Amino acid sequence: MPAPTAYSAANVEAKWYQHWLEKNYFHSEPDEREPFTIVIPPPNVTGLLHMGHMLNNTIQDILIRKARLDGRNACWVPGTDHASIATEAKVVKKLRAQGIKKSDLTRDEFMTHAFAWKEEYGGIILEQLKQLGASCDWERTRFTMEPELYKAVIKVFVSLHKKGQLYRGLRMTNWDPAAQTVLSNEEVIHTDENKNLYHVRYKVAGTDDEYIVIATSRPETIPADTALAVHPDDERYRKYHGRKVIVPLVNREIPIIVDDYVGIDFGTGALKVTPAHDMNDNALGEKHGLEVIDLLNPDGTLNANAQFFVGMDREEARVAFVKKLKATGDLLETKPYRTSVGRSERTNAVVEPRLTLQWFLRMDDMAVTALGAVESGEVKFHPENMVNMYRSWLKPENVRDWCVSRQLWWGQRIPAWYWNDEVFVAETAEEALAEANRKHATADIKMEDLKQDDDVLDTWFSSWLWPISVFDGFKDPKELEYYYPTSDLVTGWDIMFFWVARMIMAGYEFSEDLLPKKLIEEKGKMPFKNVYFTGMVRDEKRRKMSKSLGNSPDALELLKNYGADGVRFGMMRSAAAGNDIVFDAPIDPETKEVLNTSELCNQGKKFCNKIFNANRLIQGFEQVDRAPDPVTVLAGRWLEAKLNQTITEVDRMLGEYRISEALATLYNFIWGDFCSWYLEAIKPADGKLSSETYELTISAFERMMTLLHPFMPFITEEVWHQLRERKDGEDCVVSTWPTAGSFDKKVIEDFTLLQDIISSTRDIRNQRGVTQKEELKLFVQRSEATEALIGAVAGAKDFVEKSGVMSSVELTDSTPDNALPFLVGNDKGYLVLNEEIDLEGERAKINEEIARLEKQVNGVNRKLANEKFVSNAPDAVVAMERKKLADWSAKIDSLRAMV
RNA sequence: GGUCGAUUAGCUCAGUUGGUUUAGAGCGUUGCAUUGACAUUGCAGAGGUCACUGGUUCGAGCCCAGUAUCGACCA
């Protein structure tokens with residue numbers, strides 16, 4: 001039965017991943033080797049693999065596999081975070097489908113349901129990462145809500161409280177009325193929406209018919225107004241400075257305040273101020289000492305302060321108020337108005353600014369530390385220009401204290417116990433009670449007198465500890481001492497502030513307390529040394545790929561269609577560091593659905609097939625004991641030089657995190673140089689290859705497989721095993737990264753010129769309609785250069801004959817008849833065609849080429865005639881220009897001789 | 001409105017700190033090729049005033065200023 005001619009990824013990939021797991025190659029234990037550590041950006045436990053994950057984790061896998069091949073102790077820690085809002089929403093929804101309301105459950109009952117949900121549905125994404133080939137140390141898988149990590153969070157909270165960095169305060173926060181929780185700024189998505197701007201008149205107190213007209217988009221908040229503001233320079237309202245107006249409907253007097261915050265040109269130039277329901281109004285209120293009236297319930301319905309429509313949702317109430325204001329004649333005008341509306345990322349509810357009592361972490365000092373860590377270079381960003389964004393995030397004027405409490409159950413419950421108005425923060429209720437009794441010795445406080453805070457901590461309050469907590473650093477520093485600081489972090493720039501900055505803060509805040517001083521001095525406090533920022537994956541219309549837009553291809557379908565190697569190749573070829581990548585999955589014009597196809601991934605799949613077939617070719621040769629022919633010797637020397645050159649380049653590119661370029665370099669080398677030139681050059685007519693050549697070929701091929709392994713682990717492991725008999729424990733994944741040897745540039749230059757000769761003759765054949773198979777005669781004008789190459793380099797002549805399909809290649813001193821001339825370096829070559837040729841047509845082309853070269857020669861002459869250039873430019877540059885001049889002049893001479 | 005970034009081939013992008021680049025790659029495109037590893041292929045070709053205007057420099061795709069367009073983030 002003939003071997004299949006096409007590579008099939010599915011079986012190969014499953015087989016090797018299983019093998020690697022059985023060999024436990026991905027597991028790391030501290031030893032005497034240098035560690036190379038990556039902690040995964042923990043995906044949301046509810047998450048499913050999407051394009052962003054595939055990009056991100058492919059890069060991490062490339063880095064970790066490369067480190068493993070370099071002989072370092074590679075440790076990639078996987079895990080998930082508990083995603084409080086998203087997970088709680090899913091659990092609530094599932095319970096509701098079963099007819100259970102969250103409000104009917106106790107907190108403990110709810111948590112039991114939530115953990116059950118996590119066991120059943122959570123962490124699917126980690127299984128999906130295996131399909132991508134991710135070489136994570138699965139024994140180290142962590143989860144931010146598991147007991148040890150829970151304890152770490154609590155410990156950190158208590159410690160920060162002791163240091164005075166946590167406080168409780170009333171703040172304007174983003175309130176999600178659907179989830180009934182506070183959102184961080186980053187969890188609110190602002191988009192422009194169509195709204196109305198209502199012009200409402202406020203009667204000036206003490207007059208009968210004088211009104212000031214304000215413009216508002218939120219008439220339902222009128223009962224909570226506590227001032228009316230105008231710009232100090234606005235002539236229209238100058239006469240009302242210091243007076244009062246009467247709020248319509250509720251007939252309450254409020255002051256007219258003057259502030260240059262008010263836009264004279266916006267609306268009517270008069271602004272109603274509602275400190276409880278608008279961020280800017282709140283700031284105004286604080287500045288002018290205004291009263292705060294809150295008219296909303298937590299669920300977004302109106303409370304008694306509204307006086308009208310109590311219990312009605314704010315959106316409906318707006319309509320009702322408009323109707324009522326119209327009826328009283330106070331509504332003068334309604335204008336359509338487009339403005340930015342903030343909605344909850346999770347529930348899509350319109351976010352309400354709301355004053356709530358929250359726990360805050362002071363950010364000022366930490367932000368300075370975190371900025372310094374990057375600016376000093378202790379933490380390096382790739383690409384470097386990401387520091388600009390980081391700096392703008394962390395500027396003192398942009399830093400706000402971190403609101404860490406969330407009104408949810410799924411998360412670490414804040415370890416704060418209240419006794420009357422006093423708070424006691426401790427790791428356990430018992431400690432809090434002891435503390436309370438210490439302070440109030442006579443009060444005899446009992447456990448039931450204490451009430452624990454109902455809120456849980458922000459999920460990021462878990463993830464910012466990740467590089468420390470995954471090694472149980474808060475419990476026992478043993479592993480932390482070995483693995484910390486971690487090497488590289490790979491993540492999207494969109495969570496630079498959210499997560500990266502905060503991990504740096506945590507690293508500097510806690511590592512000192514956890515690790516021996518000597519170690520800190522040696523290795524530093526930073527959580528990681530390098531951060532590689534990936535771009536966002538966008539669709540062909542440049543929109544960010546997201547679940548809600550439905551514009552993301554199905555990651556698993558892509559893996560099925562192209563294999564993990566194909567997809568990894570496709571992702572990486574389009575992913576220059578930091579730049580957003582436009583992924584080519586097309587959208588069906590009919591159905592508007594995204595198709596799970598990709599030309600980029602297909603290219604990767606084809607590359608696998610190419611490698612697979614190159615191996616088939618080599619395996620098909622019969623090894624014989626004979627001396628290799630000169631072509632093979634020449635090609636072999638060239639391949640070795642070219643391979644060393646390639647390794648040098650790939651090493652440099654990976655060192656600079658230019659991952660996609662490293663892959664492109666390997667692709668071009670393997671496909672172009674190895675398959676298209678080398679294998680064609682050594683291909684024996686009789687199918688028999690000298691053992692020496694066979695060994696050289698296999699040796700080069702297996703090094704290529706190791707080089708490509710980090711990028712495309714499966715095909716490389718498969719082929720690596722087919723190249724030689726391997727012992728147990730010998731696998732590509734744990735082979736050794738090849739060392740770049742020195743190489744003779746002359747060997748590459750000579751070979752390149754021979755390749756040029758062959759390409760030129762192929763071009764002439766194409767233009768003349770002469771088949772590539774017909775053997776032709778080639779003459780090369782004798783010169784010092786051609787003598788040194790064709791005459792002196794062993795195998796040069798034979799190589800041109802073989803790959804150029806020539807019956808003979810000879811040096812000549814005369815001009816052969818009936819031959820088409822072309823340039824061989826700076827000299828002339830003549831291809832003899834077995835047909836009458838007309839040189840007339842050729843002349844025009846040659847003259848054109850002469851004209852082009854003359855223009856360039858003129859340019860160089862001008863340069864060299866310029867004394868300033870000759871005296872200022874480095875010698876090497878001047879010499880280069882002189883060489884250009886000599887080369888081009890020689891070419892022109894050769895071309896002139898042709899016509 | 002504020003800040004940052006981008007503009008290089010039909011498309012998507014490189015271009016490593018100003019001179020070996022006579023601006024590259026992949027895809028697409030054009031022509032030719034099919035019994036010999038692979039049509040998931042091979043060979044070759046065409047295609048660019050590096051957005052525009054000025055400046056610095058012996059020398060600019062790269063540095064500076066302005067203009068235009070686009071994008072992102074923040075408000």
# chains A, B, ... in the order shown; residues from 1 in each chain; ligands from 1
call {"tool": "select_by_dssp", "arguments": {"residues": "range 701-810 of chain A", "states": "helix (DSSP H, G or I)", "output": "number ranges by chain"}}
result
A: 701-708, 713-723, 732-734, 745-768, 784-791, 796-804
call {"tool": "residues_around", "arguments": {"residues": "range 2-12 of chain A", "least_positions_apart": "6", "cutoff": "8 Å", "atoms": "only C-alpha atoms (C1' of nucleotides)", "output": "PyMOL selection string"}}
result
(chain A and resi 560+562-564+608-609+612-613+714-715+718) or (chain B and resi 38+40)
call {"tool": "residues_around", "arguments": {"residues": "range 92-104 of chain A", "least_positions_apart": "3", "cutoff": "10 Å", "atoms": "only C-alpha atoms (C1' of nucleotides)", "output": "mmCIF file with C-alpha atoms, in the first residue's frame"}}
result
data_model
loop_
_atom_site.group_PDB
_atom_site.id
_atom_site.type_symbol
_atom_site.label_atom_id
_atom_site.label_comp_id
_atom_site.auth_asym_id
_atom_site.auth_seq_id
_atom_site.Cartn_x
_atom_site.Cartn_y
_atom_site.Cartn_z
ATOM 1 C CA THR A 87 -19.865 33.604 36.623
ATOM 2 C CA GLU A 88 -22.443 34.802 39.108
ATOM 3 C CA ALA A 89 -24.607 35.915 36.175
ATOM 4 C CA ARG A 107 -25.152 32.784 50.760
ATOM 5 C CA GLU A 109 -26.349 27.583 49.449
ATOM 6 C CA PHE A 110 -25.610 29.879 46.556
ATOM 7 C CA HIS A 113 -24.454 25.916 43.502
ATOM 8 C CA ALA A 114 -21.713 28.137 42.112
ATOM 9 C CA TRP A 117 -21.463 24.978 38.273
#
call {"tool": "residues_around", "arguments": {"residues": "A51 in chain B", "least_positions_apart": "4", "cutoff": "10 Å", "atoms": "only C-alpha atoms (C1' of nucleotides)", "output": "ChimeraX atom specification"}}
result
/B:7-8,68-69
call {"tool": "interface_residues", "arguments": {"of": "chain B", "to": "chain A", "cutoff": "8 Å", "atoms": "only C-alpha atoms (C1' of nucleotides)", "output": "list in words"}}
result
U3, C4, U12, C13, A14, G19, U20, U22, C27, C32, A33, A37, C38, U40, C43, A44, C58 and G59 of chain B
call {"tool": "atom_distance", "arguments": {"atom1": "CA of Glu291 in chain A", "atom2": "CA of Pro232 in chain A"}}
result
21.4 Å
call {"tool": "closest_residue", "arguments": {"among": "A:Met712, A:Val594, A:Ile587, A:Leu394", "to": "Met571 in chain A", "atoms": "only C-alpha atoms"}}
result
A:Met712
